[in-house]
Amino acid sequence: MSAKLVIALTKGRVLTDELSLLAQIGVEPNEDPQKSRKLVFETNRDDVEIMVLRGADVATYVEHGIADLGMSGKDVLLEHSGVGFYEPLDLGLGRCQIMVAGLKNEPELPSRLRIATKFTKTAKRYYAAQGIQVDIIKLYGAMELAPVTGLAHRIVDIVETGNTLKANGLVPMELIADVSTRLIVNESSFKTKYDRIKSLIDALGKEA
Ligand code: PRP
């Protein structure tokens with residue numbers, strides 16, 4: 001494992017906030033990741049490196065110790081095994097919810113529902129906990145279309161403002177989980193690089 005401290009960030013909408021949070025605790029990349037095709041960045045601190053990854057991959061890099069720390073949405077973490085890392089801090093960024101949604105004017109539904117989602121594990125766990133049998137249909141985007149076209153009866157998806165649901169004639173129905181960006185830490189890094197990681201967690205905790 002590298003002697004550097006490697007922090008994996010999630011690219012996309014939340015990256016700006018993640019970078020500001022790091023800047024607040026004195027860690028800044030030498031190049032703007034939002035204007036570069038590079039994936040790994042040196043920082044103003046000799047011992048800290050930043051990686052910019054797809055959200056779903058952050059936990060995998062941290063699990064395997066390639067990154068020591070990561071910033072990842074809870075929605076993604078709920079789909080991950082959760083093995084090999086701790087989740088010490090809620091960074092409070094990217095707040096939204098995972099919800100069940102359906103048509104505003106929903107017809108009578110059969111007892112066994114078809115649920116379209118990209119959050120298949122979360123959806124399965126949610127319905128299993130209630131003893132409800134459902135068929136899960138995996139989609140990768142545009143979930144809102146599924147009830148409209150009859151592909152599925154309901155969806156399990158991220159709701160932030162609710163505008164996407166509304167624009168497609170859907171309404172939020174049941175809250176499954178509150179989502180925000182969490183700090184995750186590789187379990188063995190936490191032991192081998194304890195002092196540096198602890199001070200980072202403490203500093204981020206004060207800002208978050
Ligand atoms: C998410 C989600 C909804 C939308 C909800 O998609 O899948 O479509 O945001 O936001 P709203 O409640 O504010 O309208 P996102 O833009 O992250 O794209 P993706 O599903 O392709 O990742």
# chains A, B, ... in the order shown; residues from 1 in each chain; ligands from 1
>>> residues_around(residues="range 168-181 of chain A", least_positions_apart="2", cutoff="9 Å", atoms="only C-alpha atoms", output="MDAnalysis selection string")
chainID A and resid 14 18 71:75 89:106 122:123 126 144:145 147:148 156 158:159 162:166 183
>>> select_by_dssp(residues="range 7-159 of chain A", states="strand (DSSP E or B)", output="PyMOL selection string")
chain A and resi 7-10+29+40-43+48-53+69-73+85-90+96-103+113-117+134-138+154-159
>>> closest_residue(among="A:Arg114, A:Lys191, A:Lys11, A:His80", to="Tyr127 in chain A", atoms="only C-alpha atoms")
A:Arg114
>>> closest_residue(among="A:Phe41, A:Tyr140, A:Phe119, A:Phe85", to="ligand 1", atoms="only C-alpha atoms and all ligand atoms")
A:Tyr140
>>> select_by_dssp(residues="range 55-122 of chain A", states="alpha helix (DSSP H)", output="list in words")
Gly55, Ala56, Asp57, Val58, Ala59, Thr60, Tyr61, Val62, Glu63, Lys74, Asp75, Val76, Leu77, Thr120, Lys121 and Thr122 of chain A
>>> write_last_selection(atoms="N, CA, C and O atoms", output="compact mmCIF listing (two decimals), in the first residue's frame")
# COMPACT_ATOMS: atom_id res chain seq x y z
N GLY A 55 -19.00 7.00 -8.93
CA GLY A 55 -19.51 6.78 -7.57
C GLY A 55 -19.51 5.33 -7.15
O GLY A 55 -19.10 4.98 -6.04
N ALA A 56 -19.95 4.46 -8.05
CA ALA A 56 -20.08 3.04 -7.70
C ALA A 56 -18.72 2.37 -7.48
O ALA A 56 -18.66 1.29 -6.91
N ASP A 57 -17.64 3.01 -7.91
CA ASP A 57 -16.32 2.39 -7.78
C ASP A 57 -15.54 2.87 -6.56
O ASP A 57 -14.55 2.24 -6.18
N VAL A 58 -15.97 3.97 -5.95
CA VAL A 58 -15.21 4.52 -4.81
C VAL A 58 -15.08 3.48 -3.70
O VAL A 58 -13.97 3.20 -3.21
N ALA A 59 -16.18 2.85 -3.32
CA ALA A 59 -16.14 1.88 -2.22
C ALA A 59 -15.26 0.68 -2.57
O ALA A 59 -14.59 0.12 -1.70
N THR A 60 -15.23 0.30 -3.84
CA THR A 60 -14.40 -0.85 -4.25
C THR A 60 -12.92 -0.52 -4.12
O THR A 60 -12.14 -1.33 -3.62
N TYR A 61 -12.52 0.68 -4.52
CA TYR A 61 -11.12 1.09 -4.37
C TYR A 61 -10.73 1.19 -2.90
O TYR A 61 -9.61 0.86 -2.52
N VAL A 62 -11.66 1.65 -2.07
CA VAL A 62 -11.36 1.78 -0.64
C VAL A 62 -11.36 0.38 0.01
O VAL A 62 -10.47 0.06 0.80
N GLU A 63 -12.30 -0.46 -0.37
CA GLU A 63 -12.36 -1.83 0.17
C GLU A 63 -11.02 -2.54 -0.04
O GLU A 63 -10.51 -3.22 0.84
N LYS A 74 -24.43 7.58 0.08
CA LYS A 74 -25.01 6.46 0.83
C LYS A 74 -25.83 5.54 -0.09
O LYS A 74 -25.91 4.34 0.16
N ASP A 75 -26.41 6.10 -1.14
CA ASP A 75 -27.19 5.28 -2.07
C ASP A 75 -26.31 4.19 -2.68
O ASP A 75 -26.72 3.03 -2.81
N VAL A 76 -25.07 4.57 -3.02
CA VAL A 76 -24.13 3.62 -3.61
C VAL A 76 -23.62 2.65 -2.55
O VAL A 76 -23.50 1.45 -2.78
N LEU A 77 -23.36 3.17 -1.34
CA LEU A 77 -22.86 2.29 -0.27
C LEU A 77 -23.87 1.22 0.10
O LEU A 77 -23.51 0.10 0.43
N THR A 120 -30.97 -2.32 -6.91
CA THR A 120 -31.66 -3.61 -6.78
C THR A 120 -31.54 -4.21 -5.38
O THR A 120 -32.51 -4.75 -4.85
N LYS A 121 -30.35 -4.11 -4.78
CA LYS A 121 -30.18 -4.71 -3.44
C LYS A 121 -31.03 -3.97 -2.41
O LYS A 121 -31.67 -4.57 -1.56
N THR A 122 -31.00 -2.64 -2.50
CA THR A 122 -31.76 -1.81 -1.56
C THR A 122 -33.26 -2.10 -1.70
O THR A 122 -33.97 -2.25 -0.69
>>> atom_distance(atom1="CA of Gly150 in chain A", atom2="atom 18 (O, counted along the ligand's line) of ligand 1")
21.0 Å
>>> closest_residue(among="A:Ala129, A:Ala23, A:Ile201, A:Ala146", to="ligand 1", atoms="only C-alpha atoms and all ligand atoms")
A:Ala146
>>> residues_around(residues="Thr192 in chain A", least_positions_apart="6", cutoff="12 Å", atoms="only C-alpha atoms", output="list in words")
Met1, Ser2, Ala3, Lys4, Leu5, Gly65, Asp68, Val185, Asn186 and Lys198 of chain A
>>> closest_residue(among="A:Thr16, A:Thr117, A:Gln24, A:Asn30", to="ligand 1", atoms="only C-alpha atoms and all ligand atoms")
A:Thr117
>>> atom_distance(atom1="CA of Gly82 in chain A", atom2="CA of Ile136 in chain A")
21.6 Å
>>> closest_residue(among="A:Gln34, A:Asp135, A:Gly70, A:Arg54", to="ligand 1", atoms="only C-alpha atoms and all ligand atoms")
A:Arg54
>>> closest_residue(among="A:Glu160, A:Asp17, A:Asp46, A:Asp202", to="ligand 1", atoms="only C-alpha atoms and all ligand atoms")
A:Glu160
>>> atom_distance(atom1="atom 5 (C, counted along the ligand's line) of ligand 1", atom2="CA of Leu39 in chain A")
26.6 Å
>>> decode(residues="range 128-185 of chain A", atoms="C-alpha atoms", output="PDB file, in the first residue's frame")
ATOM      1  CA  ALA A 128     -38.158  -8.453   1.950  1.00  0.00           C
ATOM      2  CA  ALA A 129     -38.159  -6.682   5.343  1.00  0.00           C
ATOM      3  CA  GLN A 130     -41.908  -6.229   4.931  1.00  0.00           C
ATOM      4  CA  GLY A 131     -42.485  -9.777   3.668  1.00  0.00           C
ATOM      5  CA  ILE A 132     -43.671  -8.447   0.314  1.00  0.00           C
ATOM      6  CA  GLN A 133     -42.741 -10.436  -2.791  1.00  0.00           C
ATOM      7  CA  VAL A 134     -41.803  -8.296  -5.785  1.00  0.00           C
ATOM      8  CA  ASP A 135     -40.069  -8.766  -9.116  1.00  0.00           C
ATOM      9  CA  ILE A 136     -37.136  -6.402  -9.526  1.00  0.00           C
ATOM     10  CA  ILE A 137     -36.339  -5.053 -12.991  1.00  0.00           C
ATOM     11  CA  LYS A 138     -32.831  -3.615 -13.267  1.00  0.00           C
ATOM     12  CA  LEU A 139     -32.568  -0.327 -15.163  1.00  0.00           C
ATOM     13  CA  TYR A 140     -29.598   2.014 -15.545  1.00  0.00           C
ATOM     14  CA  GLY A 141     -31.427   5.332 -15.956  1.00  0.00           C
ATOM     15  CA  ALA A 142     -34.673   7.083 -16.873  1.00  0.00           C
ATOM     16  CA  MET A 143     -36.471   4.995 -14.240  1.00  0.00           C
ATOM     17  CA  GLU A 144     -39.479   7.328 -14.375  1.00  0.00           C
ATOM     18  CA  LEU A 145     -40.408   5.926 -17.756  1.00  0.00           C
ATOM     19  CA  ALA A 146     -41.030   2.425 -16.391  1.00  0.00           C
ATOM     20  CA  PRO A 147     -44.443   3.002 -14.742  1.00  0.00           C
ATOM     21  CA  VAL A 148     -45.522   5.316 -17.568  1.00  0.00           C
ATOM     22  CA  THR A 149     -44.906   2.632 -20.191  1.00  0.00           C
ATOM     23  CA  GLY A 150     -46.093  -0.307 -18.102  1.00  0.00           C
ATOM     24  CA  LEU A 151     -42.637  -1.901 -17.810  1.00  0.00           C
ATOM     25  CA  ALA A 152     -42.992  -1.740 -14.018  1.00  0.00           C
ATOM     26  CA  HIS A 153     -45.686  -0.791 -11.512  1.00  0.00           C
ATOM     27  CA  ARG A 154     -43.427   1.322  -9.354  1.00  0.00           C
ATOM     28  CA  ILE A 155     -39.832   2.529  -9.173  1.00  0.00           C
ATOM     29  CA  VAL A 156     -37.222   2.840  -6.451  1.00  0.00           C
ATOM     30  CA  ASP A 157     -35.081   5.873  -7.233  1.00  0.00           C
ATOM     31  CA  ILE A 158     -33.331   8.981  -5.987  1.00  0.00           C
ATOM     32  CA  VAL A 159     -35.571  11.968  -5.320  1.00  0.00           C
ATOM     33  CA  GLU A 160     -33.971  15.330  -4.703  1.00  0.00           C
ATOM     34  CA  THR A 161     -36.326  18.155  -5.653  1.00  0.00           C
ATOM     35  CA  GLY A 162     -39.108  15.855  -6.905  1.00  0.00           C
ATOM     36  CA  ASN A 163     -39.141  17.699 -10.238  1.00  0.00           C
ATOM     37  CA  THR A 164     -38.299  14.637 -12.343  1.00  0.00           C
ATOM     38  CA  LEU A 165     -41.123  12.609 -10.784  1.00  0.00           C
ATOM     39  CA  LYS A 166     -43.586  15.449 -11.251  1.00  0.00           C
ATOM     40  CA  ALA A 167     -42.591  16.058 -14.860  1.00  0.00           C
ATOM     41  CA  ASN A 168     -43.409  12.431 -15.624  1.00  0.00           C
ATOM     42  CA  GLY A 169     -46.724  12.168 -13.764  1.00  0.00           C
ATOM     43  CA  LEU A 170     -45.295  10.287 -10.781  1.00  0.00           C
ATOM     44  CA  VAL A 171     -45.496  10.910  -7.039  1.00  0.00           C
ATOM     45  CA  PRO A 172     -43.212   9.894  -4.160  1.00  0.00           C
ATOM     46  CA  MET A 173     -44.866   7.195  -2.043  1.00  0.00           C
ATOM     47  CA  GLU A 174     -42.554   5.622   0.530  1.00  0.00           C
ATOM     48  CA  LEU A 175     -39.217   6.750   1.982  1.00  0.00           C
ATOM     49  CA  ILE A 176     -36.578   4.012   1.954  1.00  0.00           C
ATOM     50  CA  ALA A 177     -33.459   5.918   3.032  1.00  0.00           C
ATOM     51  CA  ASP A 178     -32.014   9.385   3.499  1.00  0.00           C
ATOM     52  CA  VAL A 179     -28.919   9.790   1.351  1.00  0.00           C
ATOM     53  CA  SER A 180     -25.835  11.991   1.703  1.00  0.00           C
ATOM     54  CA  THR A 181     -22.140  11.709   0.972  1.00  0.00           C
ATOM     55  CA  ARG A 182     -20.230   9.690   3.572  1.00  0.00           C
ATOM     56  CA  LEU A 183     -16.516   9.478   4.351  1.00  0.00           C
ATOM     57  CA  ILE A 184     -15.294   5.887   4.200  1.00  0.00           C
ATOM     58  CA  VAL A 185     -11.931   4.572   5.423  1.00  0.00           C
TER      59      VAL A 185
END
